[in-house]
Amino acid sequence: MATVELTFSALPAHVRTARLVATAIARRTGVAEAILDEVRLAVGEACSRAVEAHRLHCPGEPVRIELRDDAGRFEVTVTDAAPSEDVTPQVLEANGSLMPEIDNLGIAVIAGLADDVEVLPGPKGMRIRMSWPASPHGIAAL
Amino acid sequence: MDLKLDHHSEDNLTIVDVEGEIDVYTAPRLRELLIDLVNKGNFHLLVNMEKVDFLDSTGLGVLVGGLKRVRAHDGSLELVCTQERILKIFRITGLTKVFGIYASVEEAKEAHGRDK
């Protein structure tokens, strides 16, 4: 199991960097090219949510990402330190009216993109773990 | 890639050209532009997303916010988008049923009967 850890200040500008790093490691791990866009978007969503939560509750604390190559899976865990309650992924209804709150839209997008998602909210922060299939031996197997 | 924004008016329609990445960092600029256009009386907006490389839920939120604002004035906010990677996000969130999405600016204008 190979792991890369990244921590960054809760600034919106750093979310793009996190996306790029995650995409590069996913490619290296052997995630199929067709899925890389999904990885990029899902990791971006998780990091955006974490950054927004930190800006509200604990702007001085860093956001943490762990990227793991684990037995044929590429697993990403985004951990924040902002207190969170249960979240329910929501999808907008097509009744002509717009929902007033779209706070959980990011979670809905992640749930729609990642092959396997686990959202663990808690008083000390939220952990979003997601994973995708990868080549067992990474890019070297290609 | 950063975000590039431009806009011009054709008859009663304001076309907003967006290029680059719309995310938590850049989306505020798009939000400001849409608010500014509405405040200046532009209530029929067409957002051309053909050159958008990346869109996340923050960007979706800005578009939904823009739609709410123009609807308050009986206006419209529609999109031009053919990129599958971007359309997928609209589908996942159910927003394909909320926004009018066209394959080209010309097609959108035609749908509104604005072709000269």
# chains A, B, ... in the order shown; residues from 1 in each chain; ligands from 1
$ residues_around --residues "A:Ala2" --least-positions-apart "4" --cutoff "12 Å" --atoms "only C-alpha atoms" --output "JSON, numbers by chain"
{"A": [25, 26, 28, 29, 66, 67, 68, 69, 70, 71, 72, 73, 74, 75, 76, 136, 137, 138]}
$ residues_around --residues "B:Phe54" --least-positions-apart "4" --cutoff "10 Å" --atoms "only C-alpha atoms" --output "PyMOL selection string"
(chain A and resi 37+40-41) or (chain B and resi 1+3+19-23+49+59+85-86)
$ interface_residues --of "chain B" --to "chain A" --cutoff "12 Å" --atoms "only C-alpha atoms" --output "PyMOL selection string"
chain B and resi 1-2+21-28+53-69+71-72+84-86+88-100
$ write_last_selection --atoms "C-alpha atoms" --output "mmCIF file, in the first residue's frame"
data_model
loop_
_atom_site.group_PDB
_atom_site.id
_atom_site.type_symbol
_atom_site.label_atom_id
_atom_site.label_comp_id
_atom_site.auth_asym_id
_atom_site.auth_seq_id
_atom_site.Cartn_x
_atom_site.Cartn_y
_atom_site.Cartn_z
ATOM 1 C CA MET B 1 -6.438 27.447 -16.188
ATOM 2 C CA ASP B 2 -8.084 30.535 -14.735
ATOM 3 C CA GLU B 21 -12.435 26.457 -14.700
ATOM 4 C CA ILE B 22 -15.445 27.324 -12.545
ATOM 5 C CA ASP B 23 -14.713 26.197 -9.007
ATOM 6 C CA VAL B 24 -14.746 27.437 -5.421
ATOM 7 C CA TYR B 25 -11.919 29.876 -6.256
ATOM 8 C CA THR B 26 -13.220 31.365 -9.499
ATOM 9 C CA ALA B 27 -17.017 31.044 -9.141
ATOM 10 C CA PRO B 28 -17.366 34.331 -7.164
ATOM 11 C CA ASP B 53 -12.848 22.922 -18.757
ATOM 12 C CA PHE B 54 -14.131 22.250 -15.271
ATOM 13 C CA LEU B 55 -17.345 22.904 -13.349
ATOM 14 C CA ASP B 56 -18.121 21.907 -9.779
ATOM 15 C CA SER B 57 -21.098 22.362 -7.461
ATOM 16 C CA THR B 58 -19.969 25.855 -6.514
ATOM 17 C CA GLY B 59 -20.387 26.803 -10.164
ATOM 18 C CA LEU B 60 -23.755 25.074 -10.277
ATOM 19 C CA GLY B 61 -24.789 27.099 -7.245
ATOM 20 C CA VAL B 62 -23.817 30.330 -8.986
ATOM 21 C CA LEU B 63 -25.867 29.395 -12.055
ATOM 22 C CA VAL B 64 -28.867 28.471 -9.878
ATOM 23 C CA GLY B 65 -28.490 31.783 -8.041
ATOM 24 C CA GLY B 66 -28.441 33.617 -11.367
ATOM 25 C CA LEU B 67 -31.549 31.757 -12.486
ATOM 26 C CA LYS B 68 -33.384 32.756 -9.309
ATOM 27 C CA ARG B 69 -32.462 36.388 -9.858
ATOM 28 C CA ARG B 71 -36.809 34.646 -12.717
ATOM 29 C CA ALA B 72 -37.671 37.327 -10.171
ATOM 30 C CA GLU B 84 -20.268 15.362 -21.858
ATOM 31 C CA ARG B 85 -18.047 15.861 -18.784
ATOM 32 C CA ILE B 86 -19.939 19.073 -17.923
ATOM 33 C CA LYS B 88 -22.836 14.804 -16.562
ATOM 34 C CA ILE B 89 -22.759 17.111 -13.518
ATOM 35 C CA PHE B 90 -26.067 18.674 -14.540
ATOM 36 C CA ARG B 91 -27.572 15.203 -14.958
ATOM 37 C CA ILE B 92 -26.326 13.901 -11.584
ATOM 38 C CA THR B 93 -27.900 16.847 -9.788
ATOM 39 C CA GLY B 94 -31.133 16.887 -11.793
ATOM 40 C CA LEU B 95 -30.378 20.361 -13.106
ATOM 41 C CA THR B 96 -30.878 19.331 -16.734
ATOM 42 C CA LYS B 97 -34.581 19.705 -15.945
ATOM 43 C CA VAL B 98 -34.119 23.160 -14.465
ATOM 44 C CA PHE B 99 -31.957 24.807 -17.130
ATOM 45 C CA GLY B 100 -32.603 25.028 -20.825
#
$ select_by_dssp --residues "chain B" --states "strand (DSSP E)" --output "MDAnalysis selection string"
chainID B and resid 3:10 13:22 44:55 76:80 101:102
$ select_by_dssp --residues "chain B" --states "helix (DSSP H, G or I)" --output "PyMOL selection string"
chain B and resi 27-39+57-71+84-93+95-97+105-111
$ closest_residue --among "A:Ile128, A:Val39, A:Leu56, A:Leu120" --to "A:Ala18" --atoms "only C-alpha atoms"
A:Val39
$ residues_around --residues "stretch 104-108 of chain B" --least-positions-apart "5" --cutoff "8 Å" --atoms "only C-alpha atoms" --output "NGL selection string"
:B and (46 or 48 or 80-81 or 115)
$ residues_around --residues "B:Ser9" --least-positions-apart "2" --cutoff "10 Å" --atoms "only C-alpha atoms" --output "NGL selection string"
:B and (7 or 11-16 or 42 or 44-46)
$ write_last_selection --atoms "all heavy atoms" --output "CSV table (one decimal), in the first residue's frame"
chain,number,residue,atom,x,y,z
B,7,HIS,N,-19.0,39.2,-22.2
B,7,HIS,CA,-20.4,39.2,-22.4
B,7,HIS,C,-20.7,40.3,-23.5
B,7,HIS,O,-20.0,41.3,-23.6
B,7,HIS,CB,-21.2,39.5,-21.2
B,7,HIS,CG,-21.0,40.8,-20.6
B,7,HIS,ND1,-21.8,41.9,-20.9
B,7,HIS,CD2,-20.1,41.3,-19.7
B,7,HIS,CE1,-21.4,43.0,-20.2
B,7,HIS,NE2,-20.3,42.6,-19.5
B,11,ASP,N,-29.9,41.9,-29.3
B,11,ASP,CA,-31.3,42.2,-29.1
B,11,ASP,C,-31.6,42.2,-27.6
B,11,ASP,O,-30.9,42.9,-26.9
B,11,ASP,CB,-32.2,41.2,-29.9
B,11,ASP,CG,-32.0,41.3,-31.4
B,11,ASP,OD1,-31.7,42.4,-31.8
B,11,ASP,OD2,-32.1,40.3,-32.1
B,12,ASN,N,-32.5,41.3,-27.2
B,12,ASN,CA,-32.9,41.3,-25.8
B,12,ASN,C,-32.2,40.2,-25.0
B,12,ASN,O,-32.5,39.9,-23.9
B,12,ASN,CB,-34.4,41.0,-25.7
B,12,ASN,CG,-35.0,41.3,-24.3
B,12,ASN,OD1,-34.5,42.1,-23.6
B,12,ASN,ND2,-36.0,40.5,-24.0
B,13,LEU,N,-31.2,39.6,-25.7
B,13,LEU,CA,-30.4,38.5,-25.0
B,13,LEU,C,-29.0,38.9,-24.7
B,13,LEU,O,-28.3,39.4,-25.6
B,13,LEU,CB,-30.5,37.3,-26.0
B,13,LEU,CG,-29.9,36.0,-25.5
B,13,LEU,CD1,-30.7,35.4,-24.4
B,13,LEU,CD2,-29.8,35.0,-26.7
B,14,THR,N,-28.6,38.6,-23.5
B,14,THR,CA,-27.2,38.8,-23.1
B,14,THR,C,-26.4,37.5,-23.1
B,14,THR,O,-26.8,36.6,-22.4
B,14,THR,CB,-27.1,39.5,-21.7
B,14,THR,OG1,-27.8,40.7,-21.8
B,14,THR,CG2,-25.7,39.8,-21.4
B,15,ILE,N,-25.4,37.4,-23.9
B,15,ILE,CA,-24.7,36.2,-24.0
B,15,ILE,C,-23.4,36.3,-23.2
B,15,ILE,O,-22.6,37.3,-23.4
B,15,ILE,CB,-24.3,35.9,-25.5
B,15,ILE,CG1,-25.6,35.7,-26.3
B,15,ILE,CG2,-23.4,34.6,-25.6
B,15,ILE,CD1,-25.4,35.7,-27.8
B,16,VAL,N,-23.2,35.4,-22.2
B,16,VAL,CA,-22.1,35.4,-21.3
B,16,VAL,C,-21.1,34.3,-21.8
B,16,VAL,O,-21.5,33.1,-21.7
B,16,VAL,CB,-22.5,35.2,-19.9
B,16,VAL,CG1,-21.3,35.2,-19.0
B,16,VAL,CG2,-23.5,36.3,-19.4
B,42,ASN,N,-30.4,43.3,-17.4
B,42,ASN,CA,-30.3,42.2,-18.3
B,42,ASN,C,-31.0,41.0,-17.7
B,42,ASN,O,-30.4,40.3,-16.9
B,42,ASN,CB,-28.8,41.9,-18.7
B,42,ASN,CG,-28.1,43.2,-19.2
B,42,ASN,OD1,-28.3,43.5,-20.4
B,42,ASN,ND2,-27.4,43.8,-18.4
B,44,HIS,N,-32.5,38.4,-19.6
B,44,HIS,CA,-32.5,37.2,-20.4
B,44,HIS,C,-31.0,36.9,-20.7
B,44,HIS,O,-30.4,37.5,-21.5
B,44,HIS,CB,-33.3,37.4,-21.7
B,44,HIS,CG,-34.7,37.5,-21.4
B,44,HIS,ND1,-35.5,36.4,-21.2
B,44,HIS,CD2,-35.5,38.6,-21.3
B,44,HIS,CE1,-36.8,36.8,-20.9
B,44,HIS,NE2,-36.8,38.1,-21.0
B,45,LEU,N,-30.5,35.9,-20.0
B,45,LEU,CA,-29.1,35.5,-20.1
B,45,LEU,C,-28.9,34.2,-20.7
B,45,LEU,O,-29.6,33.2,-20.5
B,45,LEU,CB,-28.4,35.5,-18.7
B,45,LEU,CG,-28.6,36.7,-17.8
B,45,LEU,CD1,-28.0,36.5,-16.4
B,45,LEU,CD2,-28.1,38.0,-18.4
B,46,LEU,N,-27.8,34.1,-21.6
B,46,LEU,CA,-27.4,32.8,-22.2
B,46,LEU,C,-26.0,32.6,-21.8
B,46,LEU,O,-25.1,33.4,-22.3
B,46,LEU,CB,-27.7,32.8,-23.7
B,46,LEU,CG,-27.3,31.6,-24.4
B,46,LEU,CD1,-28.1,30.4,-24.0
B,46,LEU,CD2,-27.4,31.8,-25.9
$ closest_residue --among "A:Arg19, A:Ile35, A:Phe8, A:Ser135" --to "A:Thr79" --atoms "only C-alpha atoms"
A:Phe8
$ atom_distance --atom1 "atom CA of A:Ser84" --atom2 "atom CA of A:Lys124"
7.5 Å
$ residues_around --residues "A:Val117" --least-positions-apart "6" --cutoff "7 Å" --atoms "only C-alpha atoms" --output "list in words"
Ala111, Arg129, Met130 and Ser131 of chain A
$ residues_around --residues "A:Gly122" --least-positions-apart "5" --cutoff "10 Å" --atoms "only C-alpha atoms" --output "number ranges by chain"
A: 81-86, 127
